[in-house]
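K.L.:
Could you have a look at this structure, given as C-alpha cells, before my questions?
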Number of protein chains: 2
Amino acid sequence: MALLADLPRNEDGIAAALGILAQRFGPRMDTGRALREQHGHTTTWLKNQPPDAVVFPHSTDEVQEIVRICATHRVPIIPFGTGTSLEGHVNAPAGGISVDLSQMDRILAVHPEDMDVVIEPGVTRKALNTHLRDTGLFFPIDPGADASLGGMAATNASGTNAVRYGTMKDNVLALKAVLPSGEVLQTATRARKTSAGYDLTRLMVGSEGTLGLITELTLRLQGIPEAISAATCSFPSVEAACNTVIATIQYGLPVARIELLDALTVRGVNAYSRLSLPETPLLLVEFHGSPAGVAEQAAAFGEIADEFGAGGFEATTLEEERNRLWQARHDAYWASLALRPGAKGISTDVCVPVSRLADCVTAAQDKTAEMGFVAPVVGHVGDGNFHVLLLIDMDDTAEVARAENFVGWLSDLAISMDGTCTGEHGIGQGKAPYLVRELGDPAMQVMAAIKAGIDPYNILNPGKIGLPT
Amino acid sequence: MALLADLPRNEDGIAAALGILAQRFGPRMDTGRALREQHGHTTTWLKNQPPDAVVFPHSTDEVQEIVRICATHRVPIIPFGTGTSLEGHVNAPAGGISVDLSQMDRILAVHPEDMDVVIEPGVTRKALNTHLRDTGLFFPIDPGADASLGGMAATNASGTNAVRYGTMKDNVLALKAVLPSGEVLQTATRARKTSAGYDLTRLMVGSEGTLGLITELTLRLQGIPEAISAATCSFPSVEAACNTVIATIQYGLPVARIELLDALTVRGVNAYSRLSLPETPLLLVEFHGSPAGVAEQAAAFGEIADEFGAGGFEATTLEEERNRLWQARHDAYWASLALRPGAKGISTDVCVPVSRLADCVTAAQDKTAEMGFVAPVVGHVGDGNFHVLLLIDMDDTAEVARAENFVGWLSDLAISMDGTCTGEHGIGQGKAPYLVRELGDPAMQVMAAIKAGIDPYNILNPGKIGLPT
C-alpha cells in the first residue's frame with residue numbers, strides 16, 4: 001500500500017454532522033465498517049481511507065441538505081458513484097461523509113429530436129444505453145467499468161471510441177451541481193453551442209468532486225450507426241502499428257475505435273481465450289457509418305496497414321464476426337491479469353502526441369523488461385493514450401515501491417514528450433505528484449485559487465488533484 | 001448608442017503606467033485618438049470607450065512586462081486581436097491599456113503527424129490556413145471575419161462548420177496566457193486527451209480576456225477532405241427546413257455545414273447578386289469525405305429534404321459549382337445590409353435546442369414584423385444557432401432603443417426554450433444583462449469567485465461578462 005498520509009480530522013465537527021445526518025436520514029446513513037471501506041478506495045494500490053459514514057440521498061434537495069450540514073460543521077464530503085475510479089478519488093484522507101449518489105438513478109428526460117438526455121448522476125452508462133435502445137440513439141463514452149455517469153463526468157472519463165466521439169468533456173452539454181454553499185449551480189442550457197460566460201460545464205467535468213456534487217447531467221447522444229465494420233491486423237512492431245494509426249488519421253478515415261494490444265497482451269489473450277493470434281502487436285479498428293461508407297473505410301484502412309507490413313488483415317460488418325475479431329480486446333484485462341495469477345493490476349494512463357506514441361510505448365516496454373515486471377500494454381492509440389498494466393504482488397512492499405517508481409518514470413517520460421500523466425483516469429491521489437511537473441506552478445496556483453474561491457473551507461473531497469490541504 | 005456607463009478611472013495609476021510604458025515601448029505605444037477609438041469598440045451599437053493607449057508587444061516576455069507595469073499601478077488591460085468581436089469586448093469602460101497582439105503573429109511549429117500547430121495569438125484564421133495549404137491540413141473554425149486566433153479563443157468563436165468540427169473549445173488543445181500576476185500559465189500539453197486537473201484550457205477559452213492574456217495557442221488541425229459535396233434546396237417554410245435539419249442529423253449524416261437563409265435574406269441575395277432563387281427559406285449543406293461517401297450523403301440528404309417538401313435540390317462536388325450554389329450564403333451579410341441602404345446591422349446570436357429552432361425563428365420573424373424592423377435571418381441550424389440581423393438607423397435613438405428591446409426579448413425567448421443568449425459571439429458588454437437570467441445567481445457567483453481568485457484587483461478587461469466591477 002502506497003502514498004498519501006491521512007490529513008488532520010475535525011473530530012468534533014464530524015461527530016456533530018454524524019448525529020444530525022443519522023437523525024435526518026435514518027437507515028439511509030450507514031456507518032458500518034465494510035460499507036465504509038468499500039466507499040474508501042479499493043481498486044488501486046492506494047491505502048484505503050474510509051469515510052466516517054455513507055449517506056444515500058434521493059434528490060438534489062437532499063444533497064443540498066447534506067452539504068449544508070457538513071458545511072456548517074466543516075466536515076469533508078466525498079461524492080461516490082460506483083467506486084470504479086483508479087486514482088483514489090473516493091478515499092477520505094481527512095474522514096468525513098461519503099455521499100453515495102447511486103440511488104439518484106432516474107432518467108429525467110429523453111429528447112430524441114435534440115439527441116440529448118437529462119439524467120441523475122447515479123445512472124450507469126450501460127443502464128442509459130439499455131434505456132435508449134429503442135430510440136436509435138446511444139451514449140458513446142465507454143470506460144472499462146459500468147461506471148456511473150456522474151462519476152464519469154467528475155473524472156472526465158473516456159475509453160475506446162474517444163477518437164471519434166470525444167471524452168466526457170465533449171459530451172456533457174450542461175450539469176447541475178450542489179456547491180459548498182448548498183446552492184445549486186446550473187452551468188449551461190441544452191443549447192448545443194454556447195459562449196455564455198466562463199465554461200463552468202467543463203470546469204466541473206474533471207474536477208473530481210472538489211468543486212461541487214453533480215446532481216444532474218444533460219448529455220449529448222449519437223445516432224446508432226447504420227453499419228459497423230470491424231477489422232484487425234497484426235504488425236511486426238509497435239512502431240509499424242503506430243505509423244499505421246498516424247496514416248489512418250491523417251488520411252481522414254473517420255475511425256470510431258483504434259486499439260493497440262502489444263505482443264504480451266496478445267499472448268495473454270491467446271492463453272486465456274484459446275486463440276491463435278500471431279503474438280505480435282495487434283490493431284483493432286471499427287468504423288461507423290453507412291454500409292458503403294464503412295466498407296470503403298475498412299478497405300482503405302487495409303491498404304494503409306499493408307504499407308506498414310501488416311498481416312492477417314480481416315474485416316467484417318457482421319455482428320458475430322465483429323465480436324470474434326474484437327474478442328482479444330474484450331478479454332484483454334482479465335487475460336492480462338491471468339499472465340501472473342494472484343497479482344493485482346496497477347494501471348498507468350499516459351497520453352502523448354501520436355507521433356511520440358511508438359517511442360513512448362517501446363521505452364515503457366524496455367523499462368518494464370529491465371525492471372523485471374510482467375506488464376502488458378493496451379492503448380487507445382488514435383488519441384495517443386495507453387495503459388501499461390503492472391502485474392504486482394501487493395504483499396511485496398519492495399515490488400510495490402518499484403511499481404511506484406515506474407509510474408513516476410513513465411509519467412515523466414510522457415511529460416517530456418509534451419504529453420500528460422493521465423489521459424482519462426484523472427489525478428485523484430495517485431497522480432498528484434506529477435501534475436505540477438506537467439503544468440508548472442502557475443497552473444497549480446490557478447487551480448488552487450479556483451478551489452479557494454468556490455470552496456473556501458475545503459470541504460469538498462479534500463486531498464485530491466494536488467490541491468492545498 | 002446604447003448601454004453601459006463608464007466605470008471609475010484610476011487616473012494616477014493610468015498616468016504612471018503610461019509614463020513607464022512610453023519609456024519602455026517607445027513608438028510601440030500609441031496614444032493617438034484615432035487608434036485608440038479604433039481599439040475601443042466600433043463594430044456594434046455599443047458606445048465607443050477607447051483605451052488610454054495601445055501597446056504592441058512582440059513576445060510573451062513583453063506581455064509579462066506590460067501586465068506587471070499595469071498590475072503595479074492597478075491599471076486595466078484590454079487584450080485586442082483584430083477588433084471584430086460584436087459585443088463590446090474591447091471597450092475600455094474604465095480606461096487603461098489596450099494590448100494589441102496583432103504583431104505576435106508567428107507560426108511557431110507545425111506538427112503534421114500530430115495534426116496540430118503552435119501559434120502566437122495574432123495569427124488570423126486565413127493566414128493560418130494559407131500557411132498550412134501544402135500540408136493537406138486545415139483549421140476549420142470560420143467566424144465571418146478574418147479574426148485573430150487569440151481573439152477567436154478568447155470569445156469561443158465558431159461559424160458555419162461547428163456542426164462537424166466543433167467550436168474553439170473543441171479545437172484548442174492547450175494555451176499559454178499571462179496571468180494578472182505576470183506569470184505565464186500553461187494550461188495543458190499537446191496530448192489529444194487529458195484528465196490532468198481542472199480544465200484550464202476551456203476555462204481560458206471564452207473568458208474574454210478577463211483571466212489572462214493568451215500569448216500562445218496549440219490548435220488541432222483537420223485533414224483537408226478528399227472530396228466536398230455541396231447542395232442547396234428551397235423549402236415552403238422555416239419549419240420544413242428545420243425538420244429537414246433534425247432528420248439529417250438524426251439519420252447520422254455527417255454534415256459539415258448546414259445553413260439556413262430565411263426568405264428575406266434570399267430576397268436580399270437575389271437583388272444583390274442578381275440571382276433568381278425562390279424567395280422562400282433556403283438550406284445550404286456541405287459534406288466532407290471520400291468521393292463515394294459525399295455522393296451518398298448528398299443523395300441521402302436530397303431524399304430527406306424531399307420528404308419535407310423541398311424544391312430545387314441541386315448537389316455538386318465541382319468547386320466552381322459549389323461556389324455558385326453557396327453564393328447566396330457568401331453574399332448574405334452584404335446583401336442583407338443592402339436591404340436597407342444606410343442602415344447598420346445589429347446581430348443577435350441566440351442558440352436553442354434544434355427541436356425549438358423553427359418555433360424560435362418563426363417567433364422572431366413575427367416579432368420583427370410586428371415591430372416594423374427589416375431583419376433578415378441566417379442560421380447555423382445544425383447547432384440551433386441563428387442570427388437575426390436588425391437593420392437599424394443608428395441616428396434614430398428611439399429605433400435603437402426598440403432594437404435593444406428586441407435583443408432582450410429574443411434572448412429571453414431563447415432562454416425560455418432552454419437555449420442561450422449567445423451561441424458564438426460571447427457576452428462582452430452587450431449580453432451582460434441576459435447572462436444572469438440564463439444561468440442564475442449561483443453561476444454568476446462562481447464566475448465572480450473564479451475572477452476574484454485569479455485577478456483580485458480586477459485589472460483584466462473589467463466590466464465584461466457581467467462580472468462585478
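Residues are named by chain letter and number: chains run A, B, ... in the order of the C-alpha cells, numbers start at 1 in each chain, and ligands are numbered from 1 in the order shown.
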Write out as a PyMOL selection string the residues lying within 8 Å of B:Glu226, counting only C-alpha atoms and excluding same-chain residues fewer than 6 positions away.
P.N.:
chain B and resi 288-291
K.L.:
Enumerate, in order of chain and increasing residue number, the residues of chain B with an atom no farther than 7 Å from chain A, each with its shortest atom pair and distance in Å to one decimal, counting only C-alpha atoms, as JSON lines.
P.N.:
```
{"residue": "B:Glu113", "atom": "CA", "partner": "A:Ser355", "partner_atom": "CA", "distance": 5.8}
{"residue": "B:Asp114", "atom": "CA", "partner": "A:Val354", "partner_atom": "CA", "distance": 5.7}
{"residue": "B:Thr155", "atom": "CA", "partner": "A:Ser195", "partner_atom": "CA", "distance": 6.9}
{"residue": "B:Asn156", "atom": "CA", "partner": "A:Ser195", "partner_atom": "CA", "distance": 6.0}
{"residue": "B:Glu183", "atom": "CA", "partner": "A:Pro442", "partner_atom": "CA", "distance": 6.6}
{"residue": "B:Val184", "atom": "CA", "partner": "A:Pro442", "partner_atom": "CA", "distance": 6.7}
{"residue": "B:Leu185", "atom": "CA", "partner": "A:Pro442", "partner_atom": "CA", "distance": 5.2}
{"residue": "B:Gln186", "atom": "CA", "partner": "A:Leu439", "partner_atom": "CA", "distance": 6.0}
{"residue": "B:Thr187", "atom": "CA", "partner": "A:Ala443", "partner_atom": "CA", "distance": 6.4}
{"residue": "B:Ala188", "atom": "CA", "partner": "A:Leu439", "partner_atom": "CA", "distance": 6.4}
{"residue": "B:Thr189", "atom": "CA", "partner": "A:Asp418", "partner_atom": "CA", "distance": 5.5}
{"residue": "B:Arg190", "atom": "CA", "partner": "A:Asp418", "partner_atom": "CA", "distance": 5.6}
{"residue": "B:Ala191", "atom": "CA", "partner": "A:Gly419", "partner_atom": "CA", "distance": 4.8}
{"residue": "B:Arg192", "atom": "CA", "partner": "A:Asp383", "partner_atom": "CA", "distance": 5.6}
{"residue": "B:Lys193", "atom": "CA", "partner": "A:Gly423", "partner_atom": "CA", "distance": 5.2}
{"residue": "B:Thr194", "atom": "CA", "partner": "A:Gly423", "partner_atom": "CA", "distance": 4.1}
{"residue": "B:Ser195", "atom": "CA", "partner": "A:Gly426", "partner_atom": "CA", "distance": 4.7}
{"residue": "B:Ala196", "atom": "CA", "partner": "A:Gly426", "partner_atom": "CA", "distance": 5.8}
{"residue": "B:Gly197", "atom": "CA", "partner": "A:Ile465", "partner_atom": "CA", "distance": 6.0}
{"residue": "B:Tyr198", "atom": "CA", "partner": "A:Ser207", "partner_atom": "CA", "distance": 5.5}
{"residue": "B:Asp199", "atom": "CA", "partner": "A:Leu203", "partner_atom": "CA", "distance": 5.6}
{"residue": "B:Arg202", "atom": "CA", "partner": "A:Asp199", "partner_atom": "CA", "distance": 6.5}
{"residue": "B:Leu203", "atom": "CA", "partner": "A:Asp199", "partner_atom": "CA", "distance": 5.6}
{"residue": "B:Gly206", "atom": "CA", "partner": "A:Tyr198", "partner_atom": "CA", "distance": 6.2}
{"residue": "B:Ser207", "atom": "CA", "partner": "A:Tyr198", "partner_atom": "CA", "distance": 5.5}
{"residue": "B:Gly223", "atom": "CA", "partner": "A:Gly252", "partner_atom": "CA", "distance": 5.7}
{"residue": "B:Ile246", "atom": "CA", "partner": "A:Glu113", "partner_atom": "CA", "distance": 6.3}
{"residue": "B:Gln250", "atom": "CA", "partner": "A:Gly223", "partner_atom": "CA", "distance": 6.0}
{"residue": "B:Tyr251", "atom": "CA", "partner": "A:Gly223", "partner_atom": "CA", "distance": 6.9}
{"residue": "B:Gly252", "atom": "CA", "partner": "A:Gly223", "partner_atom": "CA", "distance": 5.7}
{"residue": "B:Gly293", "atom": "CA", "partner": "A:Gly293", "partner_atom": "CA", "distance": 5.8}
{"residue": "B:Cys351", "atom": "CA", "partner": "A:Ala191", "partner_atom": "CA", "distance": 5.8}
{"residue": "B:Val352", "atom": "CA", "partner": "A:Ala191", "partner_atom": "CA", "distance": 4.9}
{"residue": "B:Pro353", "atom": "CA", "partner": "A:Ala191", "partner_atom": "CA", "distance": 5.0}
{"residue": "B:Val354", "atom": "CA", "partner": "A:Asp114", "partner_atom": "CA", "distance": 5.6}
{"residue": "B:Ser355", "atom": "CA", "partner": "A:Glu113", "partner_atom": "CA", "distance": 5.7}
{"residue": "B:Asp383", "atom": "CA", "partner": "A:Arg192", "partner_atom": "CA", "distance": 5.6}
{"residue": "B:Asp418", "atom": "CA", "partner": "A:Thr189", "partner_atom": "CA", "distance": 5.5}
{"residue": "B:Gly419", "atom": "CA", "partner": "A:Ala191", "partner_atom": "CA", "distance": 4.8}
{"residue": "B:Thr420", "atom": "CA", "partner": "A:Ala191", "partner_atom": "CA", "distance": 6.3}
{"residue": "B:Thr422", "atom": "CA", "partner": "A:Ser195", "partner_atom": "CA", "distance": 5.6}
{"residue": "B:Gly423", "atom": "CA", "partner": "A:Thr194", "partner_atom": "CA", "distance": 4.1}
{"residue": "B:Glu424", "atom": "CA", "partner": "A:Ser195", "partner_atom": "CA", "distance": 5.2}
{"residue": "B:His425", "atom": "CA", "partner": "A:Ser195", "partner_atom": "CA", "distance": 6.5}
{"residue": "B:Gly426", "atom": "CA", "partner": "A:Ser195", "partner_atom": "CA", "distance": 4.7}
{"residue": "B:Ile427", "atom": "CA", "partner": "A:Ala196", "partner_atom": "CA", "distance": 5.9}
{"residue": "B:Leu435", "atom": "CA", "partner": "A:Ala196", "partner_atom": "CA", "distance": 6.6}
{"residue": "B:Leu439", "atom": "CA", "partner": "A:Gln186", "partner_atom": "CA", "distance": 6.0}
{"residue": "B:Pro442", "atom": "CA", "partner": "A:Leu185", "partner_atom": "CA", "distance": 5.2}
{"residue": "B:Ala443", "atom": "CA", "partner": "A:Leu185", "partner_atom": "CA", "distance": 5.7}
{"residue": "B:Val446", "atom": "CA", "partner": "A:Ile454", "partner_atom": "CA", "distance": 6.4}
{"residue": "B:Met447", "atom": "CA", "partner": "A:Tyr198", "partner_atom": "CA", "distance": 6.5}
{"residue": "B:Ala449", "atom": "CA", "partner": "A:Gly453", "partner_atom": "CA", "distance": 4.8}
{"residue": "B:Ile450", "atom": "CA", "partner": "A:Ile450", "partner_atom": "CA", "distance": 5.1}
{"residue": "B:Gly453", "atom": "CA", "partner": "A:Ala449", "partner_atom": "CA", "distance": 4.8}
{"residue": "B:Ile454", "atom": "CA", "partner": "A:Ala449", "partner_atom": "CA", "distance": 6.2}
{"residue": "B:Ile465", "atom": "CA", "partner": "A:Gly197", "partner_atom": "CA", "distance": 6.0}
```
K.L.:
Just checking: using only C-alpha atoms, which residue out of A:Val90, A:Ser234, A:Asp366, A:Leu175 ends up closest to A:Gly302?
P.N.:
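Under the stated criterion, the closest residue is A:Ser234.
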K.L.:
Just list the residues in stretch 133-367 of chain B DSSP gives helix (DSSP H, G or I) on the backbone, as a VMD selection string.
P.N.:
chain B and resid 133 to 135 149 to 154 162 to 165 168 to 171 200 to 204 238 to 250 263 to 273 291 to 307 319 to 325 327 to 330 332 to 337 354 to 367
K.L.:
Run DSSP on the backbone and give me the residues of stretch 47-284 of chain B it puts in strand (DSSP E or B), as a ChimeraX atom specification.
P.N.:
/B:53-55,77-80,97-100,107-111,116-119,124,137-138,148,172-178,184-186,213-220,222-223,227-234,255-261,282-284
K.L.:
Mind pulling up the distance from atom CA of B:Asp262 to atom CA of B:Val400?
P.N.:
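Between atom CA of B:Val400 and atom CA of B:Asp262 the gap is 23.2 Å.
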K.L.:
For a test of reading the model, state the distance in Å between atom CA of B:Glu314 and atom CA of B:Ser229, rounded to one decimal.
P.N.:
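So the answer is 10.4 Å.
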K.L.:
Given the choices B:Ala34, B:Val255, B:Val377, B:Ala17, which gets closest to B:Arg74 if the distance is worked out from only C-alpha atoms?
P.N.:
B:Ala17
K.L.:
For B:Ala153, which of B:Gly122, B:Pro468, B:Gly311, B:Pro180 is the closest residue, counting only C-alpha atoms?
P.N.:
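Counting only C-alpha atoms, the residue closest to B:Ala153 is B:Gly122.
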